[in-house]
$ cat work04.cif   # mmCIF, C-alpha atoms
data_my_file
loop_
_atom_site.label_atom_id
_atom_site.label_comp_id
_atom_site.auth_asym_id
_atom_site.auth_seq_id
_atom_site.Cartn_x
_atom_site.Cartn_y
_atom_site.Cartn_z
CA ILE J 195 0.00 0.00 0.00
CA TYR J 196 1.18 3.51 -0.82
CA THR J 197 -0.96 6.41 0.39
CA THR J 198 -1.36 10.06 -0.57
CA GLN J 199 0.43 10.92 2.70
CA ASN J 200 3.63 9.20 1.45
CA GLN J 201 3.05 6.21 3.71
CA PHE J 202 4.40 2.87 2.49
CA ILE J 203 3.04 -0.39 3.95
CA LEU J 204 4.04 -3.93 3.01
CA ASP J 205 1.57 -6.27 4.71
CA PHE J 206 1.65 -10.06 4.39
CA LYS J 207 -0.92 -12.15 6.33
CA PRO J 208 -0.81 -15.91 5.70
CA GLN J 209 -3.59 -17.99 7.27
CA VAL J 210 -3.02 -21.71 6.78
CA TYR J 211 -5.14 -24.67 7.89
CA PHE J 212 -3.53 -28.10 7.65
CA TYR J 213 -3.92 -31.74 8.71
CA ASN J 214 -7.64 -31.69 7.92
CA GLU J 215 -8.02 -28.33 9.73
CA SER J 216 -6.69 -29.81 12.97
CA TYR J 217 -4.05 -27.05 13.14
CA PHE J 218 -4.12 -23.40 12.17
CA LEU J 219 -1.20 -21.05 11.49
CA ASP J 220 -2.12 -17.35 11.63
CA GLY J 221 0.78 -15.08 10.71
CA ALA J 222 1.55 -11.49 9.84
CA LEU J 223 4.58 -9.58 8.59
CA LYS J 224 4.32 -5.83 8.21
CA TYR J 225 6.96 -3.27 7.18
CA LYS J 226 6.04 0.41 7.30
CA ILE J 227 7.66 3.72 6.40
CA PHE J 228 5.11 5.92 8.02
CA PRO J 229 4.82 9.71 8.26
CA ASN J 230 2.08 10.08 10.87
CA SER J 231 0.20 12.45 13.17
CA PHE J 232 0.15 12.52 16.98
CA TRP J 233 -2.13 14.46 19.32
CA GLY J 234 -1.04 13.10 22.70
CA ILE J 235 -2.23 10.44 25.14
CA GLY J 236 -5.81 10.40 26.38
CA ASN J 237 -9.39 10.66 25.13
CA ASP J 238 -9.73 14.45 25.33
CA VAL J 239 -6.58 15.73 23.58
CA PRO J 240 -7.41 18.86 21.51
CA GLU J 241 -7.14 19.11 17.75
CA ASP J 242 -4.59 21.94 17.96
CA ALA J 243 -2.14 19.59 19.77
CA LYS J 244 -1.50 17.80 16.47
CA GLU J 245 2.13 17.27 15.47
CA GLN J 246 3.93 15.20 12.85
CA TYR J 247 6.49 12.43 13.13
CA SER J 248 7.96 9.74 10.88
CA MET J 249 8.60 6.17 11.93
CA THR J 250 9.94 3.00 10.35
CA SER J 251 8.66 -0.23 11.85
CA ILE J 252 8.80 -3.99 11.47
CA GLU J 253 5.97 -6.06 12.96
CA LEU J 254 6.03 -9.85 13.02
CA LYS J 255 3.67 -12.36 14.60
CA ALA J 256 2.93 -16.05 14.26
CA ALA J 257 0.11 -17.87 16.06
CA PHE J 258 -0.01 -21.67 16.13
CA LEU J 259 -3.39 -23.07 17.18
CA LYS J 260 -4.63 -26.63 17.77
CA LYS J 261 -8.23 -27.57 17.08
CA LEU J 262 -10.04 -28.90 20.14
CA PRO J 263 -13.66 -30.18 20.14
CA PHE J 264 -15.20 -26.70 20.28
CA LEU J 265 -12.37 -24.22 19.67
CA TYR J 266 -8.84 -23.49 18.53
CA PHE J 267 -6.27 -22.98 21.30
CA GLY J 268 -2.57 -22.14 21.13
CA PHE J 269 0.03 -19.42 21.45
CA GLU J 270 1.34 -16.49 19.45
CA TYR J 271 4.87 -15.13 19.30
CA TYR J 272 5.29 -11.49 18.29
CA TYR J 273 8.12 -9.04 17.68
CA ASN J 274 7.77 -5.33 16.89
CA ASN J 275 10.53 -2.78 16.38
CA TYR J 276 9.71 0.92 16.07
CA ASN J 277 12.27 3.52 15.01
CA ILE J 278 11.21 7.18 14.98
CA THR J 279 13.24 8.98 12.32
CA GLU J 280 11.83 12.52 12.41
CA LEU J 281 9.97 14.71 14.94
CA ASP J 282 8.39 18.14 14.98
CA SER J 283 10.57 20.62 16.83
CA GLY J 284 9.11 21.65 20.19
CA GLY J 285 6.38 19.00 20.15
CA ILE J 286 5.20 16.58 22.83
CA LEU J 287 7.18 13.70 21.36
CA GLU J 288 10.44 15.67 21.23
CA SER J 289 10.06 16.48 24.94
CA GLY J 290 10.68 12.80 25.71
CA THR J 291 7.75 12.51 28.12
CA VAL J 292 5.92 9.93 26.00
CA GLU J 293 7.00 6.30 26.41
CA GLY J 294 8.44 4.80 23.22
CA VAL J 295 9.99 7.89 21.63
CA THR J 296 13.64 7.12 22.37
CA LYS J 297 13.37 3.35 21.88
CA ALA J 298 10.52 0.91 21.38
CA ALA J 299 10.85 -2.81 20.79
CA THR J 300 8.23 -5.23 22.03
CA THR J 301 8.49 -8.99 22.00
CA GLY J 302 6.65 -11.70 23.85
CA ILE J 303 4.08 -14.45 23.79
CA SER J 304 0.29 -14.43 23.86
CA PHE J 305 -2.02 -17.31 24.65
CA VAL J 306 -4.91 -17.43 22.19
CA PHE J 307 -8.18 -19.22 21.77
CA ASN J 308 -10.88 -18.68 19.19
CA ILE J 309 -14.23 -20.16 18.25
CA ASP J 310 -14.98 -19.57 14.58
CA LYS J 311 -18.41 -20.55 13.27
CA ARG J 312 -18.47 -18.15 10.31
CA ASP J 313 -19.34 -19.50 6.88
CA ASN J 314 -16.46 -17.49 5.39
CA ASN J 315 -13.47 -15.79 7.05
CA PHE J 316 -13.26 -12.80 4.72
CA VAL J 317 -16.84 -12.04 3.61
CA PRO J 318 -19.00 -13.73 6.28
CA LYS J 319 -22.78 -13.91 5.90
CA GLU J 320 -23.72 -16.04 8.90
CA GLY J 321 -22.28 -17.48 12.08
CA SER J 322 -20.18 -16.02 14.86
CA PHE J 323 -16.55 -15.53 15.88
CA ILE J 324 -14.79 -14.94 19.18
CA ARG J 325 -11.08 -14.59 19.89
CA VAL J 326 -9.38 -13.95 23.23
CA ASP J 327 -5.68 -13.02 23.55
CA ALA J 328 -3.73 -12.77 26.81
CA GLY J 329 -0.07 -11.91 26.43
CA PHE J 330 2.99 -10.08 27.65
CA SER J 331 6.02 -8.19 26.41
CA SER J 332 9.16 -8.85 28.45
CA LYS J 333 12.59 -7.26 28.75
CA ALA J 334 13.88 -10.76 29.45
CA MET J 335 13.07 -11.57 25.80
CA GLY J 336 14.75 -8.43 24.45
CA ALA J 337 11.91 -5.89 24.66
CA SER J 338 12.46 -2.29 25.68
CA HIS J 339 9.25 -2.31 27.76
CA SER J 340 7.47 -4.90 29.89
CA PHE J 341 3.66 -4.96 29.96
CA ASN J 342 0.62 -7.23 29.71
CA LYS J 343 -2.06 -6.96 27.05
CA TYR J 344 -5.50 -8.59 26.77
CA LYS J 345 -7.85 -8.53 23.76
CA ILE J 346 -11.42 -9.72 23.25
CA ASP J 347 -12.99 -9.74 19.78
CA TYR J 348 -16.59 -10.94 19.33
CA ARG J 349 -18.49 -10.85 16.02
CA ASN J 350 -21.92 -12.09 14.97
CA TYR J 351 -23.68 -12.20 11.59
CA ILE J 352 -27.49 -12.25 11.43
CA GLY J 353 -29.66 -12.65 8.34
CA LEU J 354 -32.27 -9.91 8.01
CA ALA J 355 -33.49 -10.90 4.54
CA PRO J 356 -32.38 -13.33 1.81
CA LYS J 357 -29.65 -10.93 0.61
CA THR J 358 -29.24 -8.66 3.63
CA ILE J 359 -27.29 -9.26 6.86
CA LEU J 360 -26.53 -7.43 10.08
CA ALA J 361 -22.90 -7.70 11.23
CA VAL J 362 -22.01 -6.66 14.79
CA GLN J 363 -18.69 -6.50 16.61
CA SER J 364 -17.60 -5.87 20.21
CA TYR J 365 -13.86 -5.30 20.60
CA PHE J 366 -11.87 -4.61 23.79
CA GLU J 367 -8.20 -4.04 24.64
CA PHE J 368 -6.67 -3.76 28.13
CA THR J 369 -2.99 -2.90 28.66
CA PHE J 370 -1.16 -2.85 32.00
CA GLY J 371 2.45 -1.91 32.71
CA ASP J 372 5.19 0.11 31.06
CA VAL J 373 3.69 0.40 27.57
CA PRO J 374 5.13 2.52 24.70
CA PHE J 375 2.58 4.57 22.79
CA GLN J 376 3.10 2.42 19.68
CA ALA J 377 1.80 -0.66 21.56
CA ALA J 378 -1.04 1.10 23.40
CA SER J 379 -4.65 1.10 22.20
CA TRP J 380 -5.36 3.26 19.13
CA TYR J 381 -8.86 4.44 18.28
CA GLY J 382 -9.89 4.94 14.64
CA GLY J 383 -8.88 3.53 11.28
CA ALA J 384 -10.19 1.38 8.44
CA GLU J 385 -11.25 -1.63 10.54
CA ARG J 386 -12.56 0.01 13.73
CA ALA J 387 -14.08 3.49 14.07
CA ARG J 388 -14.05 4.50 10.40
CA GLY J 389 -14.33 8.31 10.39
CA PHE J 390 -11.58 8.87 12.95
CA PHE J 391 -7.91 9.00 12.00
CA ARG J 392 -6.23 5.90 13.42
CA GLY J 393 -4.37 7.12 16.48
CA ARG J 394 -6.43 10.28 16.94
CA TYR J 395 -6.92 8.97 20.49
CA ILE J 396 -4.39 6.70 22.24
CA ASP J 397 -4.44 5.27 25.77
CA ASN J 398 -4.04 2.06 27.76
CA HIS J 399 -7.52 0.63 27.23
CA LEU J 400 -10.08 0.66 24.42
CA TYR J 401 -13.55 -0.50 23.49
CA VAL J 402 -15.28 -0.45 20.09
CA LEU J 403 -18.90 -1.43 19.37
CA GLN J 404 -19.97 -1.39 15.74
CA ALA J 405 -22.85 -2.59 13.60
CA GLU J 406 -23.11 -2.76 9.82
CA VAL J 407 -25.99 -3.65 7.49
CA ARG J 408 -24.89 -5.21 4.17
CA GLY J 409 -27.37 -5.67 1.36
CA GLN J 410 -26.71 -7.21 -2.04
CA VAL J 411 -28.29 -5.08 -4.78
CA LEU J 412 -26.80 -6.78 -7.87
CA PRO J 413 -25.07 -10.17 -8.33
CA ARG J 414 -21.62 -8.63 -7.76
CA TRP J 415 -22.51 -5.40 -5.90
CA THR J 416 -23.36 -4.86 -2.21
CA LEU J 417 -24.18 -1.65 -0.33
CA ALA J 418 -23.39 -1.18 3.37
CA ALA J 419 -24.19 1.27 6.16
CA PHE J 420 -22.46 1.28 9.56
CA VAL J 421 -22.46 2.98 12.96
CA THR J 422 -19.73 2.84 15.62
CA GLY J 423 -19.24 3.89 19.22
CA GLY J 424 -16.12 3.56 21.35
CA ASN J 425 -13.29 5.29 23.17
CA VAL J 426 -9.93 4.94 24.89
CA MET J 427 -9.28 5.46 28.59
CA ASP J 428 -6.49 5.43 31.16
CA VAL J 429 -8.04 2.98 33.66
CA PRO J 430 -10.51 0.14 32.98
CA ASP J 431 -13.01 1.53 35.50
CA ASN J 432 -13.74 4.38 33.08
CA ILE J 433 -14.35 2.16 30.06
CA PHE J 434 -18.01 3.11 29.43
CA THR J 435 -18.05 6.62 30.89
CA SER J 436 -17.97 8.27 27.45
CA TYR J 437 -17.98 7.37 23.77
CA LYS J 438 -17.01 8.79 20.39
CA SER J 439 -19.27 7.86 17.50
CA THR J 440 -18.99 7.46 13.74
CA PHE J 441 -21.34 6.54 10.93
CA GLY J 442 -21.10 6.02 7.19
CA GLY J 443 -21.49 3.62 4.33
CA GLY J 444 -19.90 2.16 1.27
CA VAL J 445 -19.98 -0.26 -1.61
CA ARG J 446 -18.48 -3.71 -2.17
CA PHE J 447 -17.65 -5.31 -5.52
CA LYS J 448 -17.20 -9.06 -5.86
CA VAL J 449 -14.02 -9.64 -7.86
CA LYS J 450 -15.16 -13.02 -9.28
CA ARG J 451 -18.66 -14.42 -9.24
CA ASP J 452 -17.58 -17.79 -7.81
CA VAL J 453 -15.04 -16.48 -5.24
CA ASP J 454 -15.99 -14.86 -1.92
CA ALA J 455 -13.64 -11.88 -2.10
CA VAL J 456 -14.63 -8.22 -2.47
CA LEU J 457 -13.13 -4.81 -3.01
CA ARG J 458 -14.45 -2.36 -0.43
CA LEU J 459 -14.86 1.43 -0.55
CA ASP J 460 -16.20 3.20 2.57
CA ILE J 461 -16.63 6.76 3.76
CA GLY J 462 -17.02 7.43 7.48
CA PHE J 463 -17.99 10.57 9.41
CA ASN J 464 -17.40 11.23 13.09
CA GLN J 465 -19.39 13.28 15.59
CA PHE J 466 -17.05 16.27 15.18
CA GLY J 467 -17.65 16.55 11.43
CA ASP J 468 -14.40 14.96 10.26
CA SER J 469 -14.40 12.16 7.70
CA GLY J 470 -12.25 9.47 6.14
CA ILE J 471 -12.30 7.43 2.92
CA TYR J 472 -11.17 3.80 3.07
CA PHE J 473 -10.35 1.39 0.25
CA GLY J 474 -9.49 -2.20 0.98
CA VAL J 475 -10.00 -5.90 0.30
CA ASN J 476 -12.80 -7.84 2.04
CA GLU J 477 -15.00 -6.67 4.90
CA ALA J 478 -13.79 -4.53 7.81
CA PHE J 479 -14.96 -7.25 10.22
#

$ encode --input "work04.cif" --output "structure tokens"
Amino acid sequence: IYTTQNQFILDFKPQVYFYNESYFLDGALKYKIFPNSFWGIGNDVPEDAKEQYSMTSIELKAAFLKKLPFLYFGFEYYYNNYNITELDSGGILESGTVEGVTKAATTGISFVFNIDKRDNNFVPKEGSFIRVDAGFSSKAMGASHSFNKYKIDYRNYIGLAPKTILAVQSYFEFTFGDVPFQAASWYGGAERARGFFRGRYIDNHLYVLQAEVRGQVLPRWTLAAFVTGGNVMDVPDNIFTSYKSTFGGGVRFKVKRDVDAVLRLDIGFNQFGDSGIYFGVNEAF
């Protein structure tokens, strides 16, 4: 991917089932040269706090899961290295008060289980999915910061009509310890909270609730409308005390009639009047 903001992303995500689906390998390798924006840490940072920085990063993960009677269970190894190459003079990041500016490398292991009853992983029309991750980053394994991170991702797909479905998702992140801002919870982006810039709000914990109606209007064309609510926060006790909302819609085009893969174009608006346009492959969730 190359964006109009001179951002370069090489993203490789193999998902391999083998031995009659008894085992599952879920991997990811991402390399980014990324000019980006930063507003600070917290859920009430003002727009005029915006500053620019550039960062080069390598992100690697590999999850190996074993199929049990009702779920997949296993572990995931991950390694991330973040190198900030340029900062705005006089900004928050240059002050050195934000964790991860001088050095950020995270590496560790997560324990994972998921129950996947979807009819299709990439363009699901029915079924449900849940994944729970519980992991740590440790200096003993070469990380610059030690912390624990927990994730819960639940999705459900409900038929409303023969060619119309309702997709819903509840997503939570909880981070405890000495966490760099790159590994904290980021609100916004093409998969969660479309309409907010990814990273507009950053903090230790996050929740996202979103719903999307998808209706097929022609054999290879589908229209969608979505609404989202969520936020970041510093302590878990404050998780539902406030929310930031988005709404929008888009169109999907089926690349081949006999293959469940789509090109997706969405536009999202947030409660403050900002917007974002997103182009990608397959559904956001």

$ closest_residue --input "work04.cif" --among "J:Ile303, J:Val426, J:Ile461, J:Ala222" --to "Asp327 in chain J" --atoms "all atoms listed in the file"
J:Ile303

$ resolve_selection --input "work04.cif" --expression "the PyMOL selection byres ((chain J and resi 421) around 9)" --output "MDAnalysis selection string"
chainID J and resid 387:388 403:406 419:420 422:423 439:443 462

$ residues_around --input "work04.cif" --residues "range 356-366 of chain J" --least-positions-apart "5" --cutoff "7 Å" --atoms "all atoms listed in the file" --output "VMD selection string"
chain J and resid 319 345 to 351 400 to 410

$ residues_around --input "work04.cif" --residues "Gly290 in chain J" --least-positions-apart "6" --cutoff "12 Å" --atoms "only C-alpha atoms" --output "list in words"
Leu281, Ser283, Gly284, Thr296, Lys297, Pro374 and Phe375 of chain J

$ closest_residue --input "work04.cif" --among "J:Phe267, J:Tyr225, J:Phe463, J:Tyr213" --to "Gly382 in chain J" --atoms "all atoms listed in the file"
J:Phe463

$ resolve_selection --input "work04.cif" --expression "the PyMOL selection byres ((chain J and resi 237-254) around 6)" --output "list in words"
Ala222, Leu223, Lys224, Tyr225, Lys226, Ile227, Phe228, Pro229, Asn230, Ser231, Phe232, Trp233, Gly236, Lys255, Tyr272, Tyr273, Asn274, Asn275, Tyr276, Asn277, Ile278, Thr279, Glu280, Leu281, Asp282, Tyr395 and Val426 of chain J

$ atom_distance --input "work04.cif" --atom1 "CA of Tyr472 in chain J" --atom2 "CA of Leu417 in chain J"
14.5 Å

$ residues_around --input "work04.cif" --residues "Phe341 in chain J" --least-positions-apart "6" --cutoff "7 Å" --atoms "all atoms listed in the file" --output "list in words"
Phe330, Ser331, Ser332, Phe370, Gly371, Asp372 and Val373 of chain J

$ atom_distance --input "work04.cif" --atom1 "CA of Ile309 in chain J" --atom2 "CA of Tyr266 in chain J"
6.3 Å

$ resolve_selection --input "work04.cif" --expression "the PyMOL selection byres ((chain J and resi 458) around 10)" --output "VMD selection string"
chain J and resid 416 to 418 444 to 448 455 to 457 459 to 460 472 to 478

$ atom_distance --input "work04.cif" --atom1 "CA of Val326 in chain J" --atom2 "CA of Val429 in chain J"
19.9 Å

$ residues_around --input "work04.cif" --residues "Asp431 in chain J" --least-positions-apart "4" --cutoff "10 Å" --atoms "all atoms listed in the file" --output "VMD selection string"
chain J and resid 399 427 435

$ axis_aligned_box --input "work04.cif" --around "range 326-343 of chain J" --padding-each-side "3 Å" --output "JSON"
{"center_x": 2.7, "center_y": -8.1, "center_z": 26.6, "size_x": 30.1, "size_y": 17.7, "size_z": 12.7}

$ closest_residue --input "work04.cif" --among "J:Val292, J:Ile235, J:Leu412, J:Ile203" --to "Ile396 in chain J" --atoms "all atoms listed in the file"
J:Ile235

$ closest_residue --input "work04.cif" --among "J:Gly383, J:Pro413, J:Gly470, J:Pro208" --to "Arg451 in chain J" --atoms "only C-alpha atoms"
J:Pro413

$ closest_residue --input "work04.cif" --among "J:Phe269, J:Tyr211, J:Phe202, J:Phe368" --to "Asn432 in chain J" --atoms "all atoms listed in the file"
J:Phe368

$ decode --input "work04.cif" --residues "range 441-452 of chain J" --atoms "all heavy atoms" --output "CSV table (one decimal), in the first residue's frame"
chain,number,residue,atom,x,y,z
J,441,PHE,N,-20.4,7.2,11.8
J,441,PHE,CA,-21.3,6.5,10.9
J,441,PHE,C,-20.9,6.7,9.5
J,441,PHE,O,-20.1,7.6,9.2
J,441,PHE,CB,-22.7,7.1,11.1
J,441,PHE,CG,-22.9,8.6,10.7
J,441,PHE,CD1,-23.3,8.9,9.4
J,441,PHE,CD2,-22.5,9.6,11.5
J,441,PHE,CE1,-23.4,10.2,8.9
J,441,PHE,CE2,-22.6,10.9,11.1
J,441,PHE,CZ,-23.0,11.2,9.8
J,442,GLY,N,-21.5,5.9,8.6
J,442,GLY,CA,-21.1,6.0,7.2
J,442,GLY,C,-21.6,4.8,6.4
J,442,GLY,O,-22.5,4.1,6.8
J,443,GLY,N,-21.1,4.7,5.2
J,443,GLY,CA,-21.5,3.6,4.3
J,443,GLY,C,-20.5,3.4,3.2
J,443,GLY,O,-19.5,4.1,3.1
J,444,GLY,N,-20.8,2.4,2.4
J,444,GLY,CA,-19.9,2.2,1.3
J,444,GLY,C,-20.5,1.1,0.3
J,444,GLY,O,-21.6,0.7,0.4
J,445,VAL,N,-19.6,0.7,-0.6
J,445,VAL,CA,-20.0,-0.3,-1.6
J,445,VAL,C,-18.9,-1.4,-1.7
J,445,VAL,O,-17.7,-1.1,-1.4
J,445,VAL,CB,-20.1,0.5,-3.0
J,445,VAL,CG1,-18.8,1.1,-3.4
J,445,VAL,CG2,-20.6,-0.5,-4.1
J,446,ARG,N,-19.4,-2.6,-2.0
J,446,ARG,CA,-18.5,-3.7,-2.2
J,446,ARG,C,-18.7,-4.3,-3.6
J,446,ARG,O,-19.8,-4.4,-4.0
J,446,ARG,CB,-18.7,-4.8,-1.1
J,446,ARG,CG,-18.3,-4.4,0.3
J,446,ARG,CD,-19.4,-3.8,1.1
J,446,ARG,NE,-19.0,-3.5,2.4
J,446,ARG,CZ,-18.5,-2.4,2.9
J,446,ARG,NH1,-18.3,-1.4,2.0
J,446,ARG,NH2,-18.2,-2.2,4.2
J,447,PHE,N,-17.6,-4.7,-4.2
J,447,PHE,CA,-17.7,-5.3,-5.5
J,447,PHE,C,-17.0,-6.7,-5.5
J,447,PHE,O,-15.8,-6.8,-5.1
J,447,PHE,CB,-16.9,-4.4,-6.6
J,447,PHE,CG,-16.9,-5.1,-7.9
J,447,PHE,CD1,-18.0,-5.2,-8.7
J,447,PHE,CD2,-15.7,-5.5,-8.4
J,447,PHE,CE1,-17.9,-5.8,-10.0
J,447,PHE,CE2,-15.6,-6.1,-9.7
J,447,PHE,CZ,-16.7,-6.2,-10.4
J,448,LYS,N,-17.7,-7.7,-5.9
J,448,LYS,CA,-17.2,-9.1,-5.9
J,448,LYS,C,-16.3,-9.2,-7.1
J,448,LYS,O,-16.7,-9.1,-8.2
J,448,LYS,CB,-18.4,-10.1,-5.9
J,448,LYS,CG,-18.0,-11.5,-5.5
J,448,LYS,CD,-19.2,-12.4,-5.4
J,448,LYS,CE,-18.9,-13.7,-4.9
J,448,LYS,NZ,-20.0,-14.6,-4.8
J,449,VAL,N,-15.0,-9.6,-6.8
J,449,VAL,CA,-14.0,-9.6,-7.9
J,449,VAL,C,-14.4,-10.7,-8.9
J,449,VAL,O,-14.3,-10.5,-10.1
J,449,VAL,CB,-12.6,-9.9,-7.2
J,449,VAL,CG1,-11.6,-9.9,-8.3
J,449,VAL,CG2,-12.3,-8.8,-6.2
J,450,LYS,N,-14.7,-11.9,-8.4
J,450,LYS,CA,-15.2,-13.0,-9.3
J,450,LYS,C,-16.5,-13.6,-8.7
J,450,LYS,O,-16.7,-13.7,-7.5
J,450,LYS,CB,-14.1,-14.1,-9.3
J,450,LYS,CG,-12.8,-13.7,-9.9
J,450,LYS,CD,-11.8,-14.8,-10.0
J,450,LYS,CE,-12.2,-15.9,-11.0
J,450,LYS,NZ,-11.2,-17.0,-11.1
J,451,ARG,N,-17.3,-14.0,-9.6
J,451,ARG,CA,-18.7,-14.4,-9.2
J,451,ARG,C,-18.6,-15.6,-8.3
J,451,ARG,O,-19.4,-15.8,-7.4
J,451,ARG,CB,-19.5,-14.7,-10.5
J,451,ARG,CG,-19.9,-13.5,-11.3
J,451,ARG,CD,-20.7,-13.9,-12.5
J,451,ARG,NE,-21.0,-12.8,-13.4
J,451,ARG,CZ,-22.0,-12.0,-13.3
J,451,ARG,NH1,-22.8,-12.1,-12.3
J,451,ARG,NH2,-22.2,-11.0,-14.1
J,452,ASP,N,-17.6,-16.5,-8.5
J,452,ASP,CA,-17.6,-17.8,-7.8
J,452,ASP,C,-16.6,-17.8,-6.7
J,452,ASP,O,-16.2,-18.8,-6.1
J,452,ASP,CB,-17.3,-18.9,-8.8
J,452,ASP,CG,-16.0,-18.7,-9.5
J,452,ASP,OD1,-15.5,-17.6,-9.6
J,452,ASP,OD2,-15.4,-19.7,-10.1
